[in-house]
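Structure file final-v5.txt (compact mmCIF, C-alpha atoms and all ligand atoms) is printed below.
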# COMPACT_ATOMS: atom_id res chain seq x y z
CA MET U 1 11.12 -17.37 -159.15
CA ILE U 2 14.66 -16.94 -157.83
CA LEU U 3 16.15 -18.56 -154.72
CA GLY U 4 18.75 -16.22 -153.16
CA ILE U 5 21.43 -17.42 -150.74
CA GLU U 6 23.65 -15.17 -148.56
CA THR U 7 26.45 -16.30 -146.21
CA SER U 8 29.16 -13.64 -146.60
CA CYS U 9 29.42 -12.73 -142.91
CA ASP U 10 27.43 -13.79 -139.85
CA GLU U 11 23.91 -14.09 -141.26
CA THR U 12 22.79 -17.35 -142.86
CA ALA U 13 20.02 -16.24 -145.20
CA ALA U 14 17.80 -17.57 -147.99
CA ALA U 15 14.89 -15.95 -149.79
CA VAL U 16 12.53 -16.51 -152.70
CA VAL U 17 11.84 -13.49 -154.91
CA THR U 18 9.82 -13.25 -158.11
CA GLU U 19 11.28 -11.97 -161.38
CA GLY U 20 9.06 -8.90 -160.87
CA GLY U 21 10.61 -8.13 -157.46
CA ASP U 22 7.99 -9.42 -155.01
CA ILE U 23 9.36 -11.08 -151.86
CA VAL U 24 7.80 -14.53 -151.43
CA SER U 25 9.92 -15.52 -148.41
CA ASN U 26 12.89 -14.00 -146.59
CA VAL U 27 14.61 -16.09 -143.90
CA VAL U 28 17.56 -14.71 -141.90
CA ALA U 29 19.29 -16.72 -139.17
CA SER U 30 21.58 -14.28 -137.39
CA GLN U 31 24.65 -15.61 -135.63
CA ALA U 32 25.15 -12.34 -133.72
CA GLU U 33 24.56 -13.97 -130.31
CA LEU U 34 27.13 -16.64 -131.06
CA HIS U 35 29.81 -14.02 -131.81
CA ALA U 36 28.77 -11.52 -129.12
CA ARG U 37 31.02 -12.96 -126.42
CA PHE U 38 34.03 -12.46 -128.70
CA GLY U 39 33.03 -8.84 -129.41
CA GLY U 40 32.99 -9.44 -133.17
CA VAL U 41 32.66 -12.06 -135.89
CA VAL U 42 35.09 -14.99 -135.59
CA PRO U 43 35.48 -16.26 -139.18
CA GLU U 44 36.00 -19.95 -138.37
CA VAL U 45 33.06 -19.98 -135.94
CA ALA U 46 30.89 -18.29 -138.61
CA SER U 47 31.77 -20.92 -141.25
CA ARG U 48 30.88 -23.80 -138.95
CA ARG U 49 27.57 -22.22 -137.98
CA HIS U 50 26.70 -21.55 -141.65
CA LEU U 51 27.24 -25.28 -142.28
CA GLU U 52 24.72 -26.17 -139.58
CA LEU U 53 22.13 -23.59 -140.65
CA ILE U 54 22.32 -23.53 -144.44
CA VAL U 55 20.05 -26.51 -145.25
CA PRO U 56 17.24 -25.72 -142.76
CA VAL U 57 17.31 -22.02 -143.74
CA ILE U 58 17.04 -22.85 -147.47
CA GLU U 59 14.27 -25.40 -146.78
CA GLU U 60 12.31 -22.83 -144.81
CA ALA U 61 12.67 -20.23 -147.58
CA LEU U 62 11.73 -22.68 -150.35
CA ASP U 63 8.72 -24.09 -148.46
CA GLY U 64 7.60 -26.07 -151.52
CA HIS U 65 8.02 -23.20 -154.02
CA GLU U 66 9.46 -24.07 -157.43
CA VAL U 67 12.38 -21.86 -158.45
CA SER U 68 13.96 -21.51 -161.90
CA THR U 69 17.21 -19.73 -160.90
CA ILE U 70 19.57 -19.91 -157.92
CA ALA U 71 21.51 -16.80 -156.86
CA VAL U 72 24.31 -16.68 -154.32
CA THR U 73 26.70 -14.09 -152.90
CA SER U 74 30.12 -15.05 -154.28
CA ARG U 75 32.08 -11.92 -153.19
CA PRO U 76 33.25 -9.99 -151.14
CA GLY U 77 33.19 -11.40 -147.61
CA LEU U 78 34.74 -13.95 -145.27
CA ILE U 79 36.07 -16.64 -147.60
CA GLY U 80 35.11 -19.63 -145.45
CA ALA U 81 31.64 -18.21 -144.89
CA LEU U 82 31.11 -17.46 -148.60
CA LEU U 83 32.20 -20.99 -149.55
CA VAL U 84 29.35 -22.55 -147.58
CA GLY U 85 26.73 -20.57 -149.54
CA VAL U 86 28.46 -21.03 -152.89
CA SER U 87 28.82 -24.80 -152.38
CA ALA U 88 25.19 -25.16 -151.33
CA ALA U 89 24.03 -23.08 -154.30
CA LYS U 90 26.12 -25.08 -156.77
CA ALA U 91 24.85 -28.40 -155.41
CA LEU U 92 21.22 -27.32 -155.49
CA ALA U 93 21.45 -25.80 -158.97
CA TRP U 94 23.33 -28.81 -160.33
CA ALA U 95 20.88 -31.32 -158.86
CA ARG U 96 17.97 -29.45 -160.44
CA ARG U 97 19.83 -28.51 -163.65
CA LEU U 98 19.15 -24.83 -163.01
CA PRO U 99 21.25 -21.77 -163.96
CA LEU U 100 23.22 -20.04 -161.20
CA VAL U 101 23.85 -16.32 -160.68
CA ALA U 102 27.00 -15.20 -158.81
CA VAL U 103 26.12 -11.95 -157.01
CA ASP U 104 28.36 -9.16 -155.71
CA HIS U 105 27.25 -8.49 -152.10
CA LEU U 106 27.44 -4.70 -152.59
CA HIS U 107 25.27 -4.91 -155.72
CA GLY U 108 22.95 -6.94 -153.48
CA HIS U 109 22.68 -4.10 -150.94
CA VAL U 110 21.87 -1.60 -153.72
CA SER U 111 19.32 -4.05 -155.15
CA SER U 112 17.38 -4.02 -151.85
CA LEU U 113 15.95 -0.80 -153.34
CA TYR U 114 14.60 -2.63 -156.40
CA LEU U 115 12.25 -4.90 -154.47
CA LYS U 116 8.56 -4.05 -154.26
CA PRO U 117 6.91 -1.95 -153.02
CA LEU U 118 9.85 0.55 -153.17
CA ASP U 119 10.96 -0.52 -156.70
CA LEU U 120 13.33 2.48 -157.02
CA GLN U 121 14.35 3.50 -160.55
CA PRO U 122 17.87 4.78 -161.31
CA PRO U 123 19.50 7.20 -161.69
CA PHE U 124 20.37 8.01 -158.08
CA THR U 125 23.38 8.49 -155.82
CA CYS U 126 23.62 5.78 -153.18
CA LEU U 127 25.28 5.71 -149.77
CA LEU U 128 26.16 2.12 -148.91
CA ALA U 129 27.09 1.97 -145.22
CA SER U 130 27.57 -1.42 -143.57
CA GLY U 131 29.88 -3.26 -141.21
CA GLY U 132 32.38 -3.93 -143.98
CA HIS U 133 31.92 -1.01 -146.40
CA THR U 134 31.19 2.70 -146.60
CA MET U 135 30.84 3.96 -150.15
CA LEU U 136 29.17 6.56 -152.29
CA LEU U 137 27.93 5.01 -155.52
CA GLU U 138 26.59 6.48 -158.72
CA VAL U 139 23.82 4.23 -159.98
CA THR U 140 22.69 4.78 -163.57
CA ASP U 141 21.15 1.35 -164.20
CA ARG U 142 20.12 -1.64 -162.14
CA ALA U 143 22.95 -3.86 -163.41
CA GLY U 144 25.67 -2.12 -161.42
CA TYR U 145 27.20 1.04 -159.97
CA ARG U 146 30.26 3.29 -160.15
CA VAL U 147 32.23 4.04 -156.95
CA LEU U 148 32.53 7.78 -156.23
CA GLY U 149 34.15 7.51 -152.81
CA THR U 150 35.00 4.97 -150.12
CA THR U 151 36.35 4.81 -146.60
CA LEU U 152 40.10 5.10 -146.21
CA ASP U 153 40.06 3.10 -142.96
CA ASP U 154 37.09 1.81 -140.90
CA ALA U 155 33.57 1.35 -142.26
CA ALA U 156 30.75 3.32 -140.60
CA GLY U 157 29.26 0.13 -139.13
CA GLU U 158 32.68 -0.83 -137.83
CA ALA U 159 32.89 2.59 -136.13
CA PHE U 160 29.54 1.86 -134.46
CA ASP U 161 30.67 -1.63 -133.42
CA LYS U 162 34.05 -0.50 -132.07
CA GLY U 163 32.46 2.48 -130.31
CA ALA U 164 29.91 0.20 -128.67
CA ARG U 165 32.70 -2.03 -127.45
CA LEU U 166 34.52 0.94 -125.89
CA LEU U 167 31.27 1.95 -124.18
CA GLY U 168 30.80 -1.57 -122.81
CA LEU U 169 27.76 -2.29 -124.99
CA GLY U 170 26.99 -5.54 -126.82
CA TYR U 171 27.72 -6.73 -130.38
CA PRO U 172 26.62 -5.73 -132.99
CA GLY U 173 26.96 -2.23 -131.66
CA GLY U 174 25.01 -0.09 -134.13
CA LYS U 175 21.62 -1.04 -132.79
CA GLU U 176 22.78 -0.65 -129.17
CA ILE U 177 24.25 2.83 -129.72
CA ASP U 178 21.15 3.83 -131.68
CA ALA U 179 18.91 2.86 -128.73
CA LEU U 180 21.12 4.39 -126.01
CA ALA U 181 21.66 7.63 -127.96
CA ARG U 182 17.95 8.42 -127.68
CA GLN U 183 18.42 9.01 -123.94
CA GLY U 184 21.58 11.12 -124.35
CA ASP U 185 22.60 14.65 -125.31
CA PRO U 186 24.24 14.67 -128.78
CA SER U 187 25.98 17.99 -128.05
CA ALA U 188 27.53 16.83 -124.75
CA TYR U 189 30.83 15.91 -126.40
CA ASP U 190 32.52 17.32 -129.45
CA PHE U 191 33.83 14.49 -131.61
CA PRO U 192 35.83 15.35 -134.72
CA VAL U 193 34.39 14.58 -138.14
CA ALA U 194 37.35 13.72 -140.36
CA ARG U 195 37.63 15.79 -143.51
CA VAL U 196 39.45 13.93 -146.23
CA PRO U 197 39.73 15.19 -149.80
CA GLY U 198 37.13 14.29 -152.41
CA LEU U 199 34.23 12.02 -151.56
CA ASP U 200 36.11 9.57 -149.34
CA PHE U 201 35.43 8.84 -145.65
CA SER U 202 37.57 8.26 -142.57
CA PHE U 203 36.33 6.98 -139.21
CA SER U 204 39.41 5.75 -137.37
CA GLY U 205 40.14 9.12 -135.71
CA LEU U 206 36.64 9.23 -134.29
CA LYS U 207 37.07 5.87 -132.61
CA THR U 208 40.37 7.02 -131.08
CA ALA U 209 38.72 10.21 -129.79
CA LEU U 210 36.08 8.11 -128.04
CA LEU U 211 38.78 5.87 -126.59
CA TYR U 212 40.45 8.92 -124.96
CA ARG U 213 37.15 10.24 -123.61
CA VAL U 214 36.34 6.87 -122.07
CA ARG U 215 39.82 6.64 -120.53
CA ASP U 216 39.47 10.11 -119.00
CA LEU U 217 36.30 9.11 -117.20
CA GLY U 218 36.29 6.77 -114.22
CA GLU U 219 34.07 3.66 -114.10
CA ALA U 220 31.26 5.40 -112.21
CA GLU U 221 31.42 8.54 -114.34
CA LEU U 222 31.40 6.49 -117.53
CA ALA U 223 28.21 4.73 -116.43
CA GLU U 224 26.63 8.12 -115.86
CA ARG U 225 27.74 9.65 -119.17
CA ARG U 226 27.34 6.57 -121.39
CA SER U 227 24.19 7.78 -123.13
CA ASP U 228 25.69 11.26 -123.75
CA LEU U 229 28.80 9.64 -125.22
CA ALA U 230 26.67 7.35 -127.42
CA ALA U 231 24.53 10.28 -128.63
CA SER U 232 27.56 12.49 -129.41
CA TYR U 233 29.45 9.67 -131.10
CA GLN U 234 26.45 8.73 -133.24
CA ARG U 235 25.91 12.39 -134.14
CA ALA U 236 29.50 12.59 -135.46
CA ILE U 237 29.13 9.47 -137.64
CA VAL U 238 25.77 10.60 -139.02
CA ARG U 239 27.16 14.08 -139.72
CA ALA U 240 30.13 12.64 -141.63
CA LEU U 241 27.80 10.52 -143.76
CA VAL U 242 25.29 13.30 -144.44
CA GLU U 243 28.02 15.86 -145.26
CA ARG U 244 29.52 13.53 -147.85
CA ILE U 245 26.13 12.84 -149.43
CA GLU U 246 25.50 16.58 -149.65
CA ALA U 247 28.96 17.12 -151.17
CA THR U 248 27.93 15.05 -154.22
CA GLY U 249 25.32 17.69 -155.04
CA ALA U 250 22.94 14.91 -156.08
CA ASP U 251 19.22 15.47 -155.71
CA ARG U 252 18.16 11.81 -155.86
CA ILE U 253 19.67 10.05 -152.86
CA ALA U 254 19.32 6.49 -151.57
CA VAL U 255 20.77 4.79 -148.50
CA VAL U 256 21.39 1.04 -148.06
CA GLY U 257 23.33 -1.34 -145.76
CA GLY U 258 23.17 -2.12 -142.04
CA VAL U 259 23.86 1.48 -140.97
CA ALA U 260 20.86 2.62 -143.06
CA ALA U 261 18.81 1.17 -140.17
CA ASN U 262 20.11 3.95 -137.92
CA SER U 263 17.21 6.12 -136.73
CA GLU U 264 19.18 9.39 -136.60
CA LEU U 265 20.56 8.87 -140.13
CA ARG U 266 17.07 8.10 -141.46
CA ALA U 267 15.66 11.20 -139.80
CA ALA U 268 18.51 13.35 -141.18
CA LEU U 269 17.65 12.38 -144.77
CA PRO U 270 13.88 12.89 -145.08
CA GLY U 271 13.98 13.22 -148.86
CA ALA U 272 16.09 10.11 -149.50
CA ALA U 273 14.95 6.66 -150.60
CA LEU U 274 15.79 4.47 -147.60
CA ALA U 275 16.09 0.69 -147.80
CA PRO U 276 13.21 -0.82 -145.78
CA LEU U 277 14.40 -1.72 -142.25
CA PRO U 278 14.34 -5.55 -142.64
CA LEU U 279 16.38 -5.21 -145.86
CA CYS U 280 19.12 -2.94 -144.43
CA THR U 281 21.17 -5.61 -142.68
CA ASP U 282 22.32 -8.69 -144.57
CA ASN U 283 19.56 -10.76 -146.16
CA ALA U 284 19.07 -12.97 -149.22
CA ALA U 285 16.09 -11.13 -150.74
CA MET U 286 18.50 -8.39 -151.87
CA ILE U 287 20.78 -11.07 -153.40
CA ALA U 288 17.89 -12.61 -155.37
CA SER U 289 16.93 -9.06 -156.39
CA ALA U 290 20.43 -8.36 -157.77
CA ALA U 291 20.27 -11.63 -159.73
CA ARG U 292 17.41 -10.16 -161.77
CA TYR U 293 19.98 -7.78 -163.32
CA THR U 294 23.00 -10.13 -163.57
CA ASP U 295 23.79 -12.66 -166.32
CA PRO U 296 23.22 -16.25 -165.14
CA VAL U 297 25.87 -18.94 -165.63
CA PRO U 298 24.28 -21.90 -167.45
CA TYR U 299 24.20 -25.47 -166.09
CA PRO U 300 26.78 -26.94 -165.45
CA ASP U 301 29.44 -24.28 -166.20
CA TYR U 302 29.20 -22.83 -162.66
CA LEU U 303 30.76 -25.91 -161.09
CA VAL U 304 34.13 -24.13 -161.49
CA LEU U 305 32.79 -20.91 -159.86
CA ASP U 306 34.88 -19.69 -156.91
CA ALA U 307 34.10 -17.47 -153.93
CA ARG U 308 36.30 -14.39 -153.52
CA SER U 309 37.07 -12.45 -150.35
CA THR U 310 37.53 -9.17 -152.28
CA ALA U 311 35.13 -7.23 -154.52
O1 LIG E 1 24.94 -4.77 -143.99
P1 LIG E 1 25.31 -5.46 -142.73
O2 LIG E 1 24.31 -6.39 -142.10
O3 LIG E 1 26.60 -6.34 -142.91
C1 LIG E 1 27.68 -6.01 -143.72
O4 LIG E 1 27.58 -6.19 -144.98
O5 LIG E 1 28.68 -5.52 -143.15
O6 LIG E 1 25.74 -4.32 -141.70
C2 LIG E 1 26.03 -4.62 -140.36
C3 LIG E 1 26.44 -3.33 -139.67
C4 LIG E 1 27.01 -3.55 -138.27
O7 LIG E 1 28.22 -2.84 -138.17
C5 LIG E 1 25.93 -2.96 -137.36
O8 LIG E 1 26.45 -2.42 -136.16
C6 LIG E 1 25.33 -1.88 -138.24
O9 LIG E 1 25.30 -2.45 -139.53
N1 LIG E 1 23.97 -1.50 -137.80
C7 LIG E 1 23.64 -0.25 -137.36
C8 LIG E 1 22.29 -0.31 -136.97
N2 LIG E 1 21.82 -1.58 -137.20
C9 LIG E 1 22.88 -2.28 -137.73
N3 LIG E 1 24.38 0.85 -137.24
C10 LIG E 1 23.77 1.95 -136.74
N4 LIG E 1 22.49 1.97 -136.33
C11 LIG E 1 21.71 0.89 -136.43
N5 LIG E 1 20.43 0.91 -136.04
ZN ZN E 2 26.16 -6.48 -146.04

How does this structure look as structure tokens?
Ligand code: KG4
Ligand code: ZN
Amino acid sequence: MILGIETSCDETAAAVVTEGGDIVSNVVASQAELHARFGGVVPEVASRRHLELIVPVIEEALDGHEVSTIAVTSRPGLIGALLVGVSAAKALAWARRLPLVAVDHLHGHVSSLYLKPLDLQPPFTCLLASGGHTMLLEVTDRAGYRVLGTTLDDAAGEAFDKGARLLGLGYPGGKEIDALARQGDPSAYDFPVARVPGLDFSFSGLKTALLYRVRDLGEAELAERRSDLAASYQRAIVRALVERIEATGADRIAVVGGVAANSELRAALPGAALAPLPLCTDNAAMIASAARYTDPVPYPDYLVLDARSTA
């Protein structure tokens, strides 16, 4: 069994997964409430909270289970946040003389598809849409991926979060917009879907368009039109994502990452393999899953392992 540890952003997570891809435990302590009053993740606050949560979260995930490998997200992410997970993983692995697997967070998101019961087999084309990344990936084997396209500015989740902030909704904004959009008219406002060459994405213009719409409306009018704005804004993001997927011409499609939890996106891609809802946003089961396809570093060579903020 593999113990996975994830602390790259504002979720402190640990999970135990079998070599065959069964989830034994999956513990996620979200810090979202802590960061909500700042309207986004404050890196230093996140690091300190990870320090408080990491041991109890790992203990809860382990719950007496014996593991033979420890896997941890080592990149990309907030450096101070990553360091808490990497240090904990090194200490645990060293104390038990176990091997350690350094996992790429994006490979982790893709590997959420390899857990049972979904157990998706490559090849497929994967949309990875989260708070930090928006990418189209070509996946030919479970050990990795090739990047076909990426966002030139904001990530799709970031567009949701910034849009929610403009609309006076809470953080993280994706879930809030998703819920509010159900009561609104998606054709009420015409938001531009950026067309950039190739398979890349761009979301910064969309956010600016919403800013102008919100400014044009008075307080009272905004309150009245909030759900229409949310529905139209969400429609534009979903359209941009779906158009790009269709532009690949691929027939086997998968979607992972926090934005894969979006109900309109899921409904727009009925034929796609969708990451299960609890595995869309950051978790450690996907990290342990990725470790099944990544070479371990033997004891004690990983003591020199470093976290990295970039991919
Ligand atoms: O994968 P994730 O947990 O963290 C990163 O690796 O970035 O993704 C978090 C992002 C946030 O931007 C959040 O607003 C978005 O996923 N998100 C959603 C939904 N649930 C979470 N976006 C749209 N609709 C949702 N239901
Ligand atoms: Zn993530």

With only C-alpha atoms counted, which protein, DNA or RNA residues have an atom no more than 12 Å from (9.1, -14.3, -148.2) in the file frame? Please answer as number ranges by chain.
U: 1-4, 13-18, 21-28, 58, 60-63, 65, 115-116, 278-279, 283-286, 288

Which residue of U:Glu138, U:Asp295, U:Asp282, U:Asp185 approaches U:Ala250 most closely, using all atoms listed in the file
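For U:Ala250, the nearest of the given residues is U:Glu138.
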
Per residue of chain U within 8 Å of ligand LIG 1 (chain E), note the shortest atom pair and the distance in Å to one decimal, counting only C-alpha atoms and all ligand atoms, and order the rows by chain and increasing residue number, as CSV.
residue,atom,partner,partner_atom,distance
U:Ser8,CA,E:LIG1,O4,7.8
U:Cys9,CA,E:LIG1,O3,7.0
U:Glu11,CA,E:LIG1,O2,7.8
U:His105,CA,E:LIG1,O4,7.5
U:Leu106,CA,E:LIG1,O4,7.8
U:His109,CA,E:LIG1,O1,7.3
U:Ala129,CA,E:LIG1,O1,7.2
U:Ser130,CA,E:LIG1,O6,3.9
U:Gly131,CA,E:LIG1,O5,3.2
U:Gly132,CA,E:LIG1,O5,4.1
U:His133,CA,E:LIG1,O5,6.4
U:Ala155,CA,E:LIG1,O7,7.9
U:Ala156,CA,E:LIG1,O7,7.1
U:Gly157,CA,E:LIG1,O7,3.3
U:Glu158,CA,E:LIG1,O7,4.9
U:Ala159,CA,E:LIG1,O7,7.4
U:Phe160,CA,E:LIG1,O8,5.5
U:Asp161,CA,E:LIG1,O8,5.1
U:Tyr171,CA,E:LIG1,O8,7.3
U:Pro172,CA,E:LIG1,O8,4.6
U:Gly173,CA,E:LIG1,O8,4.5
U:Gly174,CA,E:LIG1,N3,3.3
U:Lys175,CA,E:LIG1,N5,4.0
U:Glu176,CA,E:LIG1,N5,7.4
U:Ile177,CA,E:LIG1,N4,6.9
U:Asp178,CA,E:LIG1,N4,5.2
U:Ala179,CA,E:LIG1,N5,7.7
U:Val256,CA,E:LIG1,O1,7.9
U:Gly257,CA,E:LIG1,O1,4.2
U:Gly258,CA,E:LIG1,O9,3.3
U:Val259,CA,E:LIG1,N3,3.8
U:Ala260,CA,E:LIG1,C11,6.9
U:Ala261,CA,E:LIG1,N5,4.4
U:Asn262,CA,E:LIG1,N4,3.5
U:Ser263,CA,E:LIG1,N5,6.2
U:Cys280,CA,E:LIG1,O1,6.1
U:Thr281,CA,E:LIG1,O2,3.3
U:Asp282,CA,E:LIG1,O2,3.9
U:Asn283,CA,E:LIG1,O2,7.6

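For the choices U:Arg75, U:Arg226, U:Arg97, U:Arg215, the atom-to-atom distance to ligand ZN 2 (chain E) is smallest for U:Arg75 when using only C-alpha atoms and all ligand atoms.
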
Nearby residues (only C-alpha atoms) at most 12 Å from U:Leu167, same-chain spacing under 3 positions excluded, as number ranges by chain:
U: 160-164, 170-171, 173-174, 176-177, 180-181, 207, 210-215, 217, 219, 221-231, 233

For the atom pair atom CA of U:Leu100 and atom CA of U:Val297, what is the interatomic distance in Å to one decimal place?
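Pair atom CA of U:Leu100 / atom CA of U:Val297 returns 5.3 Å.
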
Can you pull out the residues contacting U:Thr125? Cut-off 10 Å, using all atoms listed in the file, and skip same-chain residues under 6 positions away; I want them as a count of residues only.
19

Within 12 Å of U:Arg195 using all atoms listed in the file, minus same-chain residues under 5 positions, as a ChimeraX atom specification
/U:151-152,200-206,236,239-241,243-244,247

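The coordinates place atom CA of U:Phe38 at 27.4 Å from atom CA of U:Ala88.
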
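Nearest residue to ligand ZN 2 (chain E) among U:Leu51, U:Leu78, U:Leu34, U:Val101 is U:Leu78, counting all atoms listed in the file.
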
Tell me, in Å to one decimal, how far atom CA of U:Ser87 is from atom CA of U:Ala290.
19.2 Å

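Minimum distance to ligand ZN 2 (chain E) across U:Ile79, U:Val57, U:Val110, U:Ala273 (counting all atoms listed in the file) occurs at U:Val110.
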
Given the choices U:Val72, U:Ala307, U:Ala81, U:Leu166, which gets closest to U:Ser47 if the distance is worked out from all atoms listed in the file?
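Smallest distance to U:Ser47 is found for U:Ala81.
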
Hey, which of U:Ile237, U:Asp141, U:Ile287, U:Gln183 ends up closest to ligand ZN 2 (chain E)? Count all atoms listed in the file.
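Nearest candidate to ligand ZN 2 (chain E) out of U:Ile237, U:Asp141, U:Ile287, U:Gln183: U:Ile287.
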
Point (28.8, -22.1, -163.3) neighbourhood (12 Å, only C-alpha atoms) written as number ranges by chain:
U: 70-72, 74, 86-87, 89-91, 93-94, 97-102, 295-307

N, CA and C atoms restored at stretch 3-26 of chain U, emitted as an mmCIF file, in the coordinates of the input:
data_model
loop_
_atom_site.group_PDB
_atom_site.id
_atom_site.type_symbol
_atom_site.label_atom_id
_atom_site.label_comp_id
_atom_site.auth_asym_id
_atom_site.auth_seq_id
_atom_site.Cartn_x
_atom_site.Cartn_y
_atom_site.Cartn_z
ATOM 1 N N LEU U 3 15.721 -18.292 -156.098
ATOM 2 C CA LEU U 3 16.150 -18.560 -154.720
ATOM 3 C C LEU U 3 17.459 -17.819 -154.508
ATOM 4 N N GLY U 4 17.519 -16.937 -153.502
ATOM 5 C CA GLY U 4 18.750 -16.220 -153.160
ATOM 6 C C GLY U 4 19.368 -16.837 -151.917
ATOM 7 N N ILE U 5 20.709 -16.869 -151.890
ATOM 8 C CA ILE U 5 21.430 -17.420 -150.740
ATOM 9 C C ILE U 5 22.539 -16.436 -150.354
ATOM 10 N N GLU U 6 22.658 -16.143 -149.050
ATOM 11 C CA GLU U 6 23.650 -15.170 -148.560
ATOM 12 C C GLU U 6 24.339 -15.709 -147.315
ATOM 13 N N THR U 7 25.674 -15.846 -147.378
ATOM 14 C CA THR U 7 26.450 -16.300 -146.210
ATOM 15 C C THR U 7 27.787 -15.574 -146.101
ATOM 16 N N SER U 8 27.836 -14.290 -146.521
ATOM 17 C CA SER U 8 29.160 -13.640 -146.600
ATOM 18 C C SER U 8 29.747 -13.256 -145.252
ATOM 19 N N CYS U 9 28.894 -13.125 -144.220
ATOM 20 C CA CYS U 9 29.420 -12.730 -142.910
ATOM 21 C C CYS U 9 28.800 -13.583 -141.805
ATOM 22 N N ASP U 10 27.976 -12.998 -140.952
ATOM 23 C CA ASP U 10 27.430 -13.790 -139.850
ATOM 24 C C ASP U 10 25.909 -13.953 -139.898
ATOM 25 N N GLU U 11 25.312 -13.755 -141.089
ATOM 26 C CA GLU U 11 23.910 -14.090 -141.260
ATOM 27 C C GLU U 11 23.804 -15.225 -142.275
ATOM 28 N N THR U 12 23.086 -16.288 -141.892
ATOM 29 C CA THR U 12 22.790 -17.350 -142.860
ATOM 30 C C THR U 12 21.406 -17.035 -143.379
ATOM 31 N N ALA U 13 21.301 -16.731 -144.696
ATOM 32 C CA ALA U 13 20.020 -16.240 -145.200
ATOM 33 C C ALA U 13 19.655 -16.876 -146.528
ATOM 34 N N ALA U 14 18.344 -17.081 -146.720
ATOM 35 C CA ALA U 14 17.800 -17.570 -147.990
ATOM 36 C C ALA U 14 16.459 -16.896 -148.208
ATOM 37 N N ALA U 15 16.141 -16.640 -149.480
ATOM 38 C CA ALA U 15 14.890 -15.950 -149.790
ATOM 39 C C ALA U 15 14.413 -16.367 -151.168
ATOM 40 N N VAL U 16 13.107 -16.285 -151.370
ATOM 41 C CA VAL U 16 12.530 -16.510 -152.700
ATOM 42 C C VAL U 16 11.899 -15.195 -153.147
ATOM 43 N N VAL U 17 12.294 -14.763 -154.347
ATOM 44 C CA VAL U 17 11.840 -13.490 -154.910
ATOM 45 C C VAL U 17 11.349 -13.749 -156.327
ATOM 46 N N THR U 18 10.297 -13.068 -156.739
ATOM 47 C CA THR U 18 9.820 -13.250 -158.110
ATOM 48 C C THR U 18 10.643 -12.395 -159.072
ATOM 49 N N GLU U 19 10.571 -12.737 -160.352
ATOM 50 C CA GLU U 19 11.280 -11.970 -161.380
ATOM 51 C C GLU U 19 10.824 -10.509 -161.357
ATOM 52 N N GLY U 20 9.601 -10.263 -160.944
ATOM 53 C CA GLY U 20 9.060 -8.900 -160.870
ATOM 54 C C GLY U 20 9.457 -8.149 -159.610
ATOM 55 N N GLY U 21 10.127 -8.821 -158.648
ATOM 56 C CA GLY U 21 10.610 -8.130 -157.460
ATOM 57 C C GLY U 21 9.720 -8.229 -156.230
ATOM 58 N N ASP U 22 8.785 -9.175 -156.232
ATOM 59 C CA ASP U 22 7.990 -9.420 -155.010
ATOM 60 C C ASP U 22 8.728 -10.419 -154.124
ATOM 61 N N ILE U 23 8.729 -10.156 -152.807
ATOM 62 C CA ILE U 23 9.360 -11.080 -151.860
ATOM 63 C C ILE U 23 8.346 -12.151 -151.471
ATOM 64 N N VAL U 24 8.681 -13.416 -151.779
ATOM 65 C CA VAL U 24 7.800 -14.530 -151.430
ATOM 66 C C VAL U 24 8.156 -15.040 -150.033
ATOM 67 N N SER U 25 9.455 -15.146 -149.750
ATOM 68 C CA SER U 25 9.920 -15.520 -148.410
ATOM 69 C C SER U 25 11.280 -14.884 -148.186
ATOM 70 N N ASN U 26 11.618 -14.651 -146.914
ATOM 71 C CA ASN U 26 12.890 -14.000 -146.590
ATOM 72 C C ASN U 26 13.314 -14.465 -145.198
#
